[in-house]
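Shown here: input38.csv, CSV, C-alpha atoms.
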chain,number,residue,atom,x,y,z
L,213,MET,CA,-41.7,44.2,242.1
L,214,SER,CA,-44.2,43.9,244.9
L,215,LYS,CA,-44.4,46.2,247.8
L,216,PRO,CA,-42.9,45.0,251.1
L,217,ALA,CA,-45.4,43.6,253.6
L,218,LYS,CA,-46.4,46.2,256.2
L,219,SER,CA,-45.8,45.1,259.7
L,220,TYR,CA,-48.2,45.9,262.6
L,221,SER,CA,-47.4,45.9,266.3
L,222,PHE,CA,-48.5,43.2,268.6
L,223,GLU,CA,-50.7,45.7,270.5
L,224,PHE,CA,-52.4,46.9,267.3
L,225,LYS,CA,-53.2,43.3,266.2
L,226,LEU,CA,-54.4,42.3,269.7
L,227,ALA,CA,-56.7,45.3,269.9
L,228,LEU,CA,-58.3,44.7,266.5
L,229,VAL,CA,-58.8,40.9,267.3
L,230,GLU,CA,-60.4,41.7,270.7
L,231,ARG,CA,-62.7,44.2,269.1
L,232,PHE,CA,-63.6,41.7,266.4
L,233,LEU,CA,-64.3,39.0,269.0
L,234,ALA,CA,-66.4,41.5,270.9
L,235,GLY,CA,-68.8,41.7,268.0
L,236,GLU,CA,-67.5,44.4,265.6
L,237,THR,CA,-67.6,43.5,261.9
L,238,GLY,CA,-64.4,42.5,260.0
L,239,PRO,CA,-64.8,44.8,257.0
L,240,ASP,CA,-65.5,47.8,259.2
L,241,LEU,CA,-62.5,47.1,261.4
L,242,ALA,CA,-60.2,46.5,258.4
L,243,ALA,CA,-61.3,49.7,256.8
L,244,GLU,CA,-60.9,51.7,260.0
L,245,ALA,CA,-57.5,50.3,260.6
L,246,GLY,CA,-56.3,50.8,257.0
L,247,LEU,CA,-55.6,47.1,256.4
L,248,SER,CA,-55.2,46.0,252.8
L,249,SER,CA,-58.1,43.5,253.2
L,250,ARG,CA,-60.3,41.9,255.8
L,251,GLN,CA,-58.4,38.7,255.1
L,252,VAL,CA,-55.5,40.1,257.1
L,253,LEU,CA,-57.7,40.5,260.2
L,254,GLN,CA,-59.2,37.0,259.6
L,255,GLU,CA,-55.8,35.5,259.7
L,256,TRP,CA,-55.0,37.2,262.9
L,257,VAL,CA,-58.2,36.0,264.5
L,258,ARG,CA,-57.5,32.4,263.3
L,259,ALA,CA,-54.0,32.6,264.8
L,260,TYR,CA,-55.4,34.0,268.0
L,261,ARG,CA,-58.0,31.3,268.4
L,262,ARG,CA,-55.5,28.6,267.6
L,263,ASP,CA,-52.4,29.7,269.6
L,264,GLY,CA,-53.6,32.6,271.8
L,265,ALA,CA,-52.2,36.1,272.0
L,266,GLU,CA,-48.6,35.0,271.5
L,267,ALA,CA,-49.4,34.0,267.9
L,268,LEU,CA,-49.8,37.8,267.1
L,269,ARG,CA,-46.3,38.6,268.2
L,270,PRO,CA,-43.9,39.4,265.3
L,271,LYS,CA,-41.8,36.5,264.1
L,272,ALA,CA,-38.0,36.7,263.8
L,273,LYS,CA,-36.9,37.2,260.2
L,274,GLY,CA,-34.1,35.5,258.4
L,275,ARG,CA,-32.3,32.2,259.0
L,276,PRO,CA,-32.2,31.1,262.6
L,277,ALA,CA,-28.8,31.1,264.3
L,278,LYS,CA,-26.8,28.0,264.0
L,279,SER,CA,-27.3,26.5,267.5
L,280,SER,CA,-27.0,22.8,266.8
L,281,ALA,CA,-23.2,22.9,266.3
L,282,PRO,CA,-21.3,20.8,268.9
L,283,PRO,CA,-19.6,22.8,271.6
L,284,PRO,CA,-15.9,23.3,271.4
L,285,PRO,CA,-13.8,20.3,272.5
L,286,ALA,CA,-12.6,22.1,275.7
L,287,GLU,CA,-16.2,22.2,277.0
L,288,LEU,CA,-17.0,18.5,276.4
L,289,PRO,CA,-16.3,16.1,279.2
L,290,GLU,CA,-13.2,14.0,278.6
L,291,LEU,CA,-15.2,10.7,278.3
L,292,GLU,CA,-17.6,12.2,275.7
L,293,ARG,CA,-14.7,13.6,273.7
L,294,LEU,CA,-13.0,10.2,273.7
L,295,ARG,CA,-16.2,8.4,272.7
L,296,ARG,CA,-16.6,10.7,269.7
L,297,GLU,CA,-13.0,10.3,268.6
L,298,ASN,CA,-13.3,6.5,268.9
L,299,GLU,CA,-16.5,6.5,266.8
L,300,ARG,CA,-14.8,8.7,264.1
L,301,LEU,CA,-11.7,6.4,264.1
L,302,ARG,CA,-13.9,3.3,263.7
L,303,ALA,CA,-15.6,4.8,260.7
L,304,GLU,CA,-12.3,5.8,259.2
L,305,VAL,CA,-11.0,2.2,259.7
L,306,ALA,CA,-14.1,0.7,258.1
L,307,TYR,CA,-13.8,3.1,255.1
L,308,LEU,CA,-10.1,2.3,254.6
L,309,GLY,CA,-10.9,-1.4,254.8
L,310,LYS,CA,-13.5,-1.1,252.1
L,311,LEU,CA,-11.2,1.0,250.0
L,312,ARG,CA,-8.4,-1.6,250.2
L,313,ALA,CA,-10.9,-4.4,249.3
L,314,LEU,CA,-12.0,-2.4,246.2
L,315,ARG,CA,-8.3,-1.8,245.1
L,316,ASP,CA,-7.5,-5.5,245.6
L,317,GLN,CA,-10.6,-6.4,243.6
L,318,GLY,CA,-9.4,-4.2,240.7
L,319,ARG,CA,-6.0,-5.9,240.6
L,320,ARG,CA,-7.4,-9.3,240.0
Starting from the file, lay out its structure as structure tokens.
Amino acid sequence: MSKPAKSYSFEFKLALVERFLAGETGPDLAAEAGLSSRQVLQEWVRAYRRDGAEALRPKAKGRPAKSSAPPPPAELPELERLRRENERLRAEVAYLGKLRALRDQGRR
């Protein structure tokens, strides 16, 4: 089993990146901060250069919340609810028509 990844605060990462960009060397900073390798610092610097300071903020862990689910029917406007119901019923009629055609084809 591997050790869980150590997490560092946003302020800690930002301070190290700013010191690196000010001219301090990567290996010295990594050793002083107790990082496992200078690659960690280099990744932070790359992210900072690409996306700014916000790239150093901790990311949410786990699966994102299910937000794409349609709102409950009571919250939809009546017209939108009827359009969705109409679309569903059309699909159902088309499915049943194809099913009937297949059954008739099997009886021949």
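Restricting the calculation to only C-alpha atoms, the smallest distance between L:Val252 and any of L:Gly264, L:Pro270, L:Pro276, L:Gly238 is found for L:Gly238.
Rounded to one decimal, atom CA of L:Glu292 and atom CA of L:Val305 lie 20.0 Å from each other.
The coordinates place atom CA of L:Ser249 at 12.9 Å from atom CA of L:Thr237.
Shortest separation to L:Tyr260 among L:Leu288, L:Ala277, L:Ala227, L:Leu308 occurs at residue L:Ala227, atoms counted being all atoms listed in the file.
Using all atoms listed in the file, the residues found no farther than 9 Å from L:Leu241, other than those of its own chain fewer than 3 positions away, are Leu228, Arg231, Phe232, Glu236, Thr237, Gly238, Glu244, Ala245, Gly246, Leu247, Arg250 and Leu253 of chain L.
Every protein, DNA or RNA residue with an atom at most 9 Å from stretch 256-259 of chain L, where only C-alpha atoms count and chain neighbours fewer than 2 positions away do not, is listed here: Lys225, Leu226, Leu228, Val229, Glu230, Phe232, Leu233, Gln251, Val252, Leu253, Gln254, Arg261, Arg262, Asp263, Gly264, Ala265, Glu266, Ala267 and Leu268 of chain L.
One finds atom CA of L:Lys310 at 26.2 Å from atom CA of L:Arg293.
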Write stretch 299-316 of chain L as a compact mmCIF listing (two decimals), keeping the file's coordinate frame, completed to N, CA, C and O atoms.
# COMPACT_ATOMS: atom_id res chain seq x y z
N GLU L 299 -15.51 6.76 267.83
CA GLU L 299 -16.50 6.50 266.80
C GLU L 299 -15.98 6.98 265.42
O GLU L 299 -16.13 6.29 264.42
N ARG L 300 -15.34 8.15 265.40
CA ARG L 300 -14.80 8.70 264.10
C ARG L 300 -13.69 7.75 263.61
O ARG L 300 -13.63 7.44 262.42
N LEU L 301 -12.82 7.27 264.51
CA LEU L 301 -11.70 6.40 264.10
C LEU L 301 -12.26 5.05 263.57
O LEU L 301 -11.73 4.49 262.61
N ARG L 302 -13.29 4.52 264.21
CA ARG L 302 -13.90 3.30 263.70
C ARG L 302 -14.45 3.44 262.31
O ARG L 302 -14.28 2.57 261.45
N ALA L 303 -15.10 4.56 262.08
CA ALA L 303 -15.60 4.80 260.70
C ALA L 303 -14.51 4.94 259.72
O ALA L 303 -14.61 4.44 258.60
N GLU L 304 -13.44 5.59 260.11
CA GLU L 304 -12.30 5.80 259.20
C GLU L 304 -11.67 4.40 258.89
O GLU L 304 -11.35 4.12 257.72
N VAL L 305 -11.52 3.54 259.88
CA VAL L 305 -11.00 2.20 259.70
C VAL L 305 -11.86 1.40 258.73
O VAL L 305 -11.38 0.71 257.81
N ALA L 306 -13.18 1.47 258.94
CA ALA L 306 -14.10 0.70 258.10
C ALA L 306 -14.02 1.25 256.63
O ALA L 306 -13.99 0.46 255.68
N TYR L 307 -13.92 2.56 256.46
CA TYR L 307 -13.80 3.10 255.10
C TYR L 307 -12.53 2.68 254.45
O TYR L 307 -12.53 2.27 253.28
N LEU L 308 -11.41 2.73 255.16
CA LEU L 308 -10.10 2.30 254.60
C LEU L 308 -10.13 0.84 254.24
O LEU L 308 -9.54 0.42 253.24
N GLY L 309 -10.78 0.03 255.07
CA GLY L 309 -10.90 -1.40 254.80
C GLY L 309 -11.64 -1.66 253.48
O GLY L 309 -11.23 -2.48 252.66
N LYS L 310 -12.74 -0.95 253.28
CA LYS L 310 -13.50 -1.10 252.10
C LYS L 310 -12.73 -0.60 250.85
O LYS L 310 -12.77 -1.20 249.77
N LEU L 311 -12.01 0.49 251.03
CA LEU L 311 -11.20 1.00 250.00
C LEU L 311 -10.12 0.02 249.54
O LEU L 311 -9.89 -0.22 248.35
N ARG L 312 -9.45 -0.60 250.51
CA ARG L 312 -8.40 -1.60 250.20
C ARG L 312 -9.04 -2.80 249.51
O ARG L 312 -8.46 -3.32 248.54
N ALA L 313 -10.23 -3.23 249.93
CA ALA L 313 -10.90 -4.40 249.30
C ALA L 313 -11.22 -4.03 247.83
O ALA L 313 -11.07 -4.87 246.94
N LEU L 314 -11.66 -2.81 247.56
CA LEU L 314 -12.00 -2.40 246.20
C LEU L 314 -10.71 -2.37 245.32
O LEU L 314 -10.73 -2.77 244.16
N ARG L 315 -9.61 -1.89 245.89
CA ARG L 315 -8.30 -1.80 245.10
C ARG L 315 -7.86 -3.26 244.81
O ARG L 315 -7.41 -3.53 243.71
N ASP L 316 -7.96 -4.15 245.82
CA ASP L 316 -7.50 -5.50 245.60
C ASP L 316 -8.42 -6.21 244.54
O ASP L 316 -7.94 -7.00 243.73
